[in-house]
$ cat data.pdb   # PDB, C-alpha atoms
ATOM      1  CA  MET A 414      41.388  35.201  -1.117
ATOM      2  CA  SER A 415      37.803  35.149  -2.410
ATOM      3  CA  ARG A 416      35.461  32.432  -1.233
ATOM      4  CA  LEU A 417      34.144  30.014  -3.854
ATOM      5  CA  THR A 418      30.491  30.959  -4.161
ATOM      6  CA  HIS A 419      29.202  27.587  -5.377
ATOM      7  CA  LEU A 420      30.139  25.790  -2.165
ATOM      8  CA  ASN A 421      27.992  25.894   0.952
ATOM      9  CA  GLN A 422      29.346  26.028   4.516
ATOM     10  CA  ARG A 423      29.913  22.254   4.483
ATOM     11  CA  GLY A 424      31.874  22.398   1.201
ATOM     12  CA  GLU A 425      29.056  20.901  -0.861
ATOM     13  CA  ALA A 426      28.093  22.123  -4.321
ATOM     14  CA  SER A 427      25.290  24.658  -4.064
ATOM     15  CA  MET A 428      23.452  27.022  -6.384
ATOM     16  CA  VAL A 429      23.994  30.613  -5.263
ATOM     17  CA  ASP A 430      20.882  32.400  -3.981
ATOM     18  CA  VAL A 431      20.676  35.668  -5.940
ATOM     19  CA  THR A 432      17.246  36.696  -4.627
ATOM     20  CA  GLY A 433      18.600  39.646  -2.648
ATOM     21  CA  LYS A 434      20.779  41.035  -5.438
ATOM     22  CA  ASP A 435      19.722  44.158  -7.315
ATOM     23  CA  ILE A 436      18.591  43.847 -10.906
ATOM     24  CA  THR A 437      21.161  45.630 -13.056
ATOM     25  CA  ASP A 438      22.099  45.817 -16.712
ATOM     26  CA  ARG A 439      24.753  43.141 -17.193
ATOM     27  CA  SER A 440      26.801  42.143 -20.201
ATOM     28  CA  ALA A 441      29.747  39.961 -21.069
ATOM     29  CA  LEU A 442      32.081  39.674 -24.038
ATOM     30  CA  ALA A 443      34.005  36.452 -24.638
ATOM     31  CA  GLU A 444      36.141  35.099 -27.434
ATOM     32  CA  SER A 445      37.386  31.854 -28.859
ATOM     33  CA  ARG A 446      39.480  30.958 -31.858
ATOM     34  CA  ILE A 447      39.747  28.012 -34.198
ATOM     35  CA  CYS A 448      42.849  27.366 -36.316
ATOM     36  CA  MET A 449      42.758  25.095 -39.337
ATOM     37  CA  SER A 450      44.609  24.053 -42.455
ATOM     38  CA  ALA A 451      44.912  26.374 -45.435
ATOM     39  CA  GLU A 452      42.550  24.113 -47.404
ATOM     40  CA  ALA A 453      39.831  24.141 -44.735
ATOM     41  CA  PHE A 454      40.189  27.907 -44.280
ATOM     42  CA  GLU A 455      39.914  28.507 -48.023
ATOM     43  CA  LEU A 456      36.716  26.454 -48.249
ATOM     44  CA  LEU A 457      35.264  28.234 -45.221
ATOM     45  CA  SER A 458      36.120  31.717 -46.481
ATOM     46  CA  GLN A 459      34.618  30.952 -49.903
ATOM     47  CA  GLY A 460      31.492  29.356 -48.428
ATOM     48  CA  ALA A 461      32.340  26.151 -50.268
ATOM     49  CA  HIS A 462      32.206  23.507 -47.515
ATOM     50  CA  LYS A 463      29.923  20.603 -48.407
ATOM     51  CA  LYS A 464      27.852  21.054 -45.232
ATOM     52  CA  GLY A 465      26.867  24.610 -46.175
ATOM     53  CA  ASP A 466      27.390  28.091 -44.755
ATOM     54  CA  VAL A 467      29.630  27.279 -41.804
ATOM     55  CA  LEU A 468      29.580  30.684 -40.131
ATOM     56  CA  SER A 469      25.798  31.091 -40.343
ATOM     57  CA  VAL A 470      25.297  27.716 -38.703
ATOM     58  CA  ALA A 471      27.961  28.523 -36.064
ATOM     59  CA  ARG A 472      26.208  31.832 -35.278
ATOM     60  CA  ILE A 473      22.880  30.084 -34.682
ATOM     61  CA  ALA A 474      24.592  27.367 -32.627
ATOM     62  CA  GLY A 475      26.285  29.986 -30.442
ATOM     63  CA  ILE A 476      23.019  31.820 -29.843
ATOM     64  CA  GLN A 477      21.229  28.579 -28.967
ATOM     65  CA  ALA A 478      24.075  27.553 -26.661
ATOM     66  CA  ALA A 479      23.951  30.847 -24.749
ATOM     67  CA  LYS A 480      20.240  30.310 -24.178
ATOM     68  CA  LYS A 481      20.865  26.740 -22.935
ATOM     69  CA  THR A 482      23.868  27.432 -20.682
ATOM     70  CA  ALA A 483      21.964  26.551 -17.493
ATOM     71  CA  ASP A 484      21.208  23.128 -19.025
ATOM     72  CA  LEU A 485      24.895  22.530 -19.760
ATOM     73  CA  ILE A 486      26.793  24.027 -16.802
ATOM     74  CA  PRO A 487      25.750  22.740 -13.366
ATOM     75  CA  LEU A 488      24.706  25.443 -10.875
ATOM     76  CA  CYS A 489      24.253  28.181 -13.525
ATOM     77  CA  HIS A 490      21.021  30.110 -13.199
ATOM     78  CA  PRO A 491      18.599  30.022 -16.140
ATOM     79  CA  LEU A 492      18.656  33.553 -17.532
ATOM     80  CA  ALA A 493      16.287  35.625 -19.651
ATOM     81  CA  LEU A 494      18.858  36.941 -22.112
ATOM     82  CA  THR A 495      17.871  40.094 -23.960
ATOM     83  CA  LYS A 496      20.751  40.058 -26.471
ATOM     84  CA  VAL A 497      23.124  37.455 -27.871
ATOM     85  CA  ALA A 498      25.400  38.357 -30.774
ATOM     86  CA  LEU A 499      28.306  36.545 -32.393
ATOM     87  CA  GLU A 500      30.894  37.992 -34.723
ATOM     88  CA  PHE A 501      33.455  36.110 -36.808
ATOM     89  CA  GLU A 502      36.733  37.587 -37.983
ATOM     90  CA  LEU A 503      38.527  35.601 -40.651
ATOM     91  CA  GLN A 504      42.298  35.704 -40.138
ATOM     92  CA  PRO A 505      43.826  34.522 -43.432
ATOM     93  CA  HIS A 506      47.476  34.669 -42.374
ATOM     94  CA  GLN A 507      46.826  32.324 -39.437
ATOM     95  CA  HIS A 508      44.135  30.244 -41.206
ATOM     96  CA  SER A 509      41.908  30.929 -38.233
ATOM     97  CA  VAL A 510      38.557  32.360 -37.238
ATOM     98  CA  GLN A 511      38.312  34.669 -34.225
ATOM     99  CA  ILE A 512      34.886  34.332 -32.594
ATOM    100  CA  THR A 513      33.450  37.029 -30.351
ATOM    101  CA  ALA A 514      30.264  36.444 -28.351
ATOM    102  CA  PHE A 515      28.294  39.179 -26.566
ATOM    103  CA  CYS A 516      25.471  38.516 -24.099
ATOM    104  CA  ARG A 517      23.294  40.982 -22.223
ATOM    105  CA  LEU A 518      20.370  41.069 -19.802
ATOM    106  CA  ALA A 519      18.805  42.961 -16.943
ATOM    107  CA  GLY A 520      19.100  40.592 -14.012
ATOM    108  CA  ARG A 521      20.539  39.535 -10.685
ATOM    109  CA  THR A 522      23.478  37.508 -11.960
ATOM    110  CA  GLY A 523      26.044  37.909 -14.706
ATOM    111  CA  VAL A 524      26.202  36.477 -18.186
ATOM    112  CA  GLU A 525      29.874  35.477 -18.365
ATOM    113  CA  MET A 526      29.115  31.774 -18.665
ATOM    114  CA  GLU A 527      26.598  32.423 -21.438
ATOM    115  CA  ALA A 528      29.107  34.423 -23.484
ATOM    116  CA  LEU A 529      31.840  31.811 -22.945
ATOM    117  CA  THR A 530      29.437  29.012 -23.866
ATOM    118  CA  ALA A 531      28.316  30.827 -27.024
ATOM    119  CA  ALA A 532      31.912  31.352 -28.199
ATOM    120  CA  SER A 533      32.871  27.753 -27.363
ATOM    121  CA  VAL A 534      29.916  26.139 -29.106
ATOM    122  CA  ALA A 535      30.377  28.344 -32.174
ATOM    123  CA  ALA A 536      33.988  27.113 -32.390
ATOM    124  CA  LEU A 537      32.873  23.499 -31.911
ATOM    125  CA  THR A 538      30.283  23.933 -34.666
ATOM    126  CA  ILE A 539      32.935  25.210 -37.065
ATOM    127  CA  TYR A 540      35.041  22.182 -36.131
ATOM    128  CA  ASP A 541      32.111  19.824 -36.753
ATOM    129  CA  MET A 542      31.355  21.302 -40.154
ATOM    130  CA  CYS A 543      35.001  21.368 -41.305
ATOM    131  CA  LYS A 544      36.418  18.184 -39.720
ATOM    132  CA  ALA A 545      36.116  16.124 -42.909
ATOM    133  CA  VAL A 546      38.710  18.420 -44.503
ATOM    134  CA  ASP A 547      40.873  18.968 -41.399
ATOM    135  CA  PRO A 548      40.388  16.828 -38.285
ATOM    136  CA  SER A 549      43.476  18.423 -36.683
ATOM    137  CA  MET A 550      41.895  21.855 -36.147
ATOM    138  CA  ALA A 551      42.687  23.474 -32.789
ATOM    139  CA  ILE A 552      40.317  25.515 -30.628
ATOM    140  CA  GLY A 553      41.478  28.131 -28.140
ATOM    141  CA  PRO A 554      42.116  30.103 -26.234
ATOM    142  CA  THR A 555      38.589  30.722 -25.057
ATOM    143  CA  ARG A 556      38.377  33.544 -22.528
ATOM    144  CA  LEU A 557      36.303  36.311 -21.026
ATOM    145  CA  LEU A 558      37.282  39.717 -22.408
ATOM    146  CA  GLN A 559      35.070  41.949 -20.297
ATOM    147  CA  LYS A 560      31.932  42.146 -18.221
ATOM    148  CA  THR A 561      29.715  44.960 -16.976
ATOM    149  CA  GLY A 562      27.122  45.306 -14.255
ATOM    150  CA  GLY A 563      26.638  43.833 -10.853
ATOM    151  CA  LYS A 564      28.470  44.602  -7.628
ATOM    152  CA  ARG A 565      31.928  44.745  -9.247
ATOM    153  CA  GLY A 566      30.867  46.955 -12.151
ATOM    154  CA  HIS A 567      33.027  46.976 -15.266
ATOM    155  CA  TRP A 568      35.811  44.407 -15.528
ATOM    156  CA  ARG A 569      38.204  44.117 -18.446
ATOM    157  CA  GLY A 570      40.872  41.481 -18.919
ATOM    158  CA  ALA A 571      44.437  42.688 -18.456
ATOM    159  CA  GLY A 572      46.250  43.586 -21.662
ATOM    160  CA  LEU A 573      43.142  43.457 -23.847
ATOM    161  CA  ASP A 574      42.704  46.112 -26.499
ATOM    162  CA  LYS A 575      39.114  45.218 -27.409
ATOM    163  CA  THR A 576      36.253  47.426 -26.267
TER
END
$ encode --input "data.pdb" --output "structure tokens"
Amino acid sequence: MSRLTHLNQRGEASMVDVTGKDITDRSALAESRICMSAEAFELLSQGAHKKGDVLSVARIAGIQAAKKTADLIPLCHPLALTKVALEFELQPHQHSVQITAFCRLAGRTGVEMEALTAASVAALTIYDMCKAVDPSMAIGPTRLLQKTGGKRGHWRGAGLDKT
């Protein structure tokens, strides 16, 4: 069983020292999903929500969130991200939006938390902008799809067909 890296020898929370790690190209791809009523989805897909262009605001929120991950998640390292991108796929039959977040950098530690945070905050932003029409929206699952770089190299979630 792997040792939890954020605990020191006494079992106390500790930020991992990555000083000795090699700088490598690292990336992560994460996704989230938000499901909503037919009415909320119709307004979103037509760009007709009263608060404005929901997906444009969610994209900016996701990018900002990735950049602020170390301020939100204890023990995360502040990272100099070189790329953050969010994509939204409207899924009319499910009245949902599939959110994909990609983060990249050249560094000593991975960007999984940044990608997961970007996808999560984008979903929360969609919820915030659409809640007046449908407060019962559901978010999830949110998960890591793949990561590259570092000691373990390329990792891809089991059963995933995304590249």
$ atom_distance --input "data.pdb" --atom1 "CA of Arg521 in chain A" --atom2 "CA of Asp435 in chain A"
5.8 Å
$ closest_residue --input "data.pdb" --among "A:Ala441, A:Ile486, A:Ala474, A:Met428" --to "Ala514 in chain A" --atoms "all atoms listed in the file"
A:Ala441
$ resolve_selection --input "data.pdb" --expression "the PyMOL selection byres ((chain A and resi 563) around 8)" --output "PyMOL selection string"
chain A and resi 435+437-439+521-523+561-562+564-566
$ resolve_selection --input "data.pdb" --expression "the PyMOL selection byres ((chain A and resi 518) around 8)" --output "number ranges by chain"
A: 438-440, 493-496, 516-517, 519-520, 524
$ closest_residue --input "data.pdb" --among "A:Arg569, A:Gly424, A:Gln559, A:Leu457" --to "Pro505 in chain A" --atoms "all atoms listed in the file"
A:Leu457
$ resolve_selection --input "data.pdb" --expression "the PyMOL selection byres ((chain A and resi 529-533) around 9)" --output "count of residues only"
40
$ atom_distance --input "data.pdb" --atom1 "CA of Asp430 in chain A" --atom2 "CA of Leu492 in chain A"
13.8 Å
$ atom_distance --input "data.pdb" --atom1 "CA of Ile539 in chain A" --atom2 "CA of Gln511 in chain A"
11.2 Å
$ closest_residue --input "data.pdb" --among "A:Gly460, A:His508, A:Ser427, A:Ala551" --to "Pro487 in chain A" --atoms "all atoms listed in the file"
A:Ser427
$ closest_residue --input "data.pdb" --among "A:Pro554, A:His567, A:Met542, A:Thr432" --to "Asp466 in chain A" --atoms "all atoms listed in the file"
A:Met542
$ closest_residue --input "data.pdb" --among "A:Arg423, A:Lys560, A:Leu456, A:Glu500" --to "Ala471 in chain A" --atoms "all atoms listed in the file"
A:Glu500
$ closest_residue --input "data.pdb" --among "A:Val429, A:Ile473, A:Met449, A:Leu488" --to "Ala545 in chain A" --atoms "only C-alpha atoms"
A:Met449
$ build_atoms --input "data.pdb" --residues "range 481-493 of chain A" --atoms "N, CA, C and O atoms" --output "short mmCIF file (atom, residue, chain, number, x, y, z; two decimals), in the coordinates of the input"
data_model
loop_
_atom_site.label_atom_id
_atom_site.label_comp_id
_atom_site.auth_asym_id
_atom_site.auth_seq_id
_atom_site.Cartn_x
_atom_site.Cartn_y
_atom_site.Cartn_z
N LYS A 481 20.94 28.04 -23.62
CA LYS A 481 20.86 26.74 -22.94
C LYS A 481 21.98 26.54 -21.91
O LYS A 481 22.18 25.44 -21.41
N THR A 482 22.72 27.58 -21.57
CA THR A 482 23.87 27.43 -20.68
C THR A 482 23.49 26.77 -19.36
O THR A 482 24.21 25.89 -18.87
N ALA A 483 22.37 27.14 -18.77
CA ALA A 483 21.96 26.55 -17.49
C ALA A 483 21.70 25.05 -17.61
O ALA A 483 21.80 24.33 -16.62
N ASP A 484 21.40 24.57 -18.82
CA ASP A 484 21.21 23.13 -19.02
C ASP A 484 22.54 22.39 -19.18
O ASP A 484 22.59 21.18 -19.02
N LEU A 485 23.59 23.13 -19.49
CA LEU A 485 24.90 22.53 -19.76
C LEU A 485 25.88 22.64 -18.60
O LEU A 485 26.69 21.75 -18.39
N ILE A 486 25.84 23.75 -17.87
CA ILE A 486 26.79 24.03 -16.80
C ILE A 486 26.07 23.90 -15.46
O ILE A 486 25.18 24.70 -15.16
N PRO A 487 26.43 22.91 -14.65
CA PRO A 487 25.75 22.74 -13.37
C PRO A 487 25.86 24.02 -12.52
O PRO A 487 26.88 24.69 -12.53
N LEU A 488 24.80 24.33 -11.82
CA LEU A 488 24.71 25.44 -10.88
C LEU A 488 24.56 26.81 -11.53
O LEU A 488 24.46 27.82 -10.83
N CYS A 489 24.55 26.91 -12.86
CA CYS A 489 24.25 28.18 -13.52
C CYS A 489 22.76 28.45 -13.42
O CYS A 489 21.95 27.54 -13.52
N HIS A 490 22.43 29.72 -13.24
CA HIS A 490 21.02 30.11 -13.20
C HIS A 490 20.47 30.20 -14.62
O HIS A 490 21.15 30.70 -15.51
N PRO A 491 19.23 29.77 -14.84
CA PRO A 491 18.60 30.02 -16.14
C PRO A 491 18.33 31.52 -16.26
O PRO A 491 17.81 32.13 -15.33
N LEU A 492 18.74 32.11 -17.36
CA LEU A 492 18.66 33.55 -17.53
C LEU A 492 17.77 33.93 -18.71
O LEU A 492 17.76 33.24 -19.72
N ALA A 493 17.10 35.06 -18.57
CA ALA A 493 16.29 35.62 -19.65
C ALA A 493 17.17 36.62 -20.42
O ALA A 493 17.13 37.82 -20.17
#
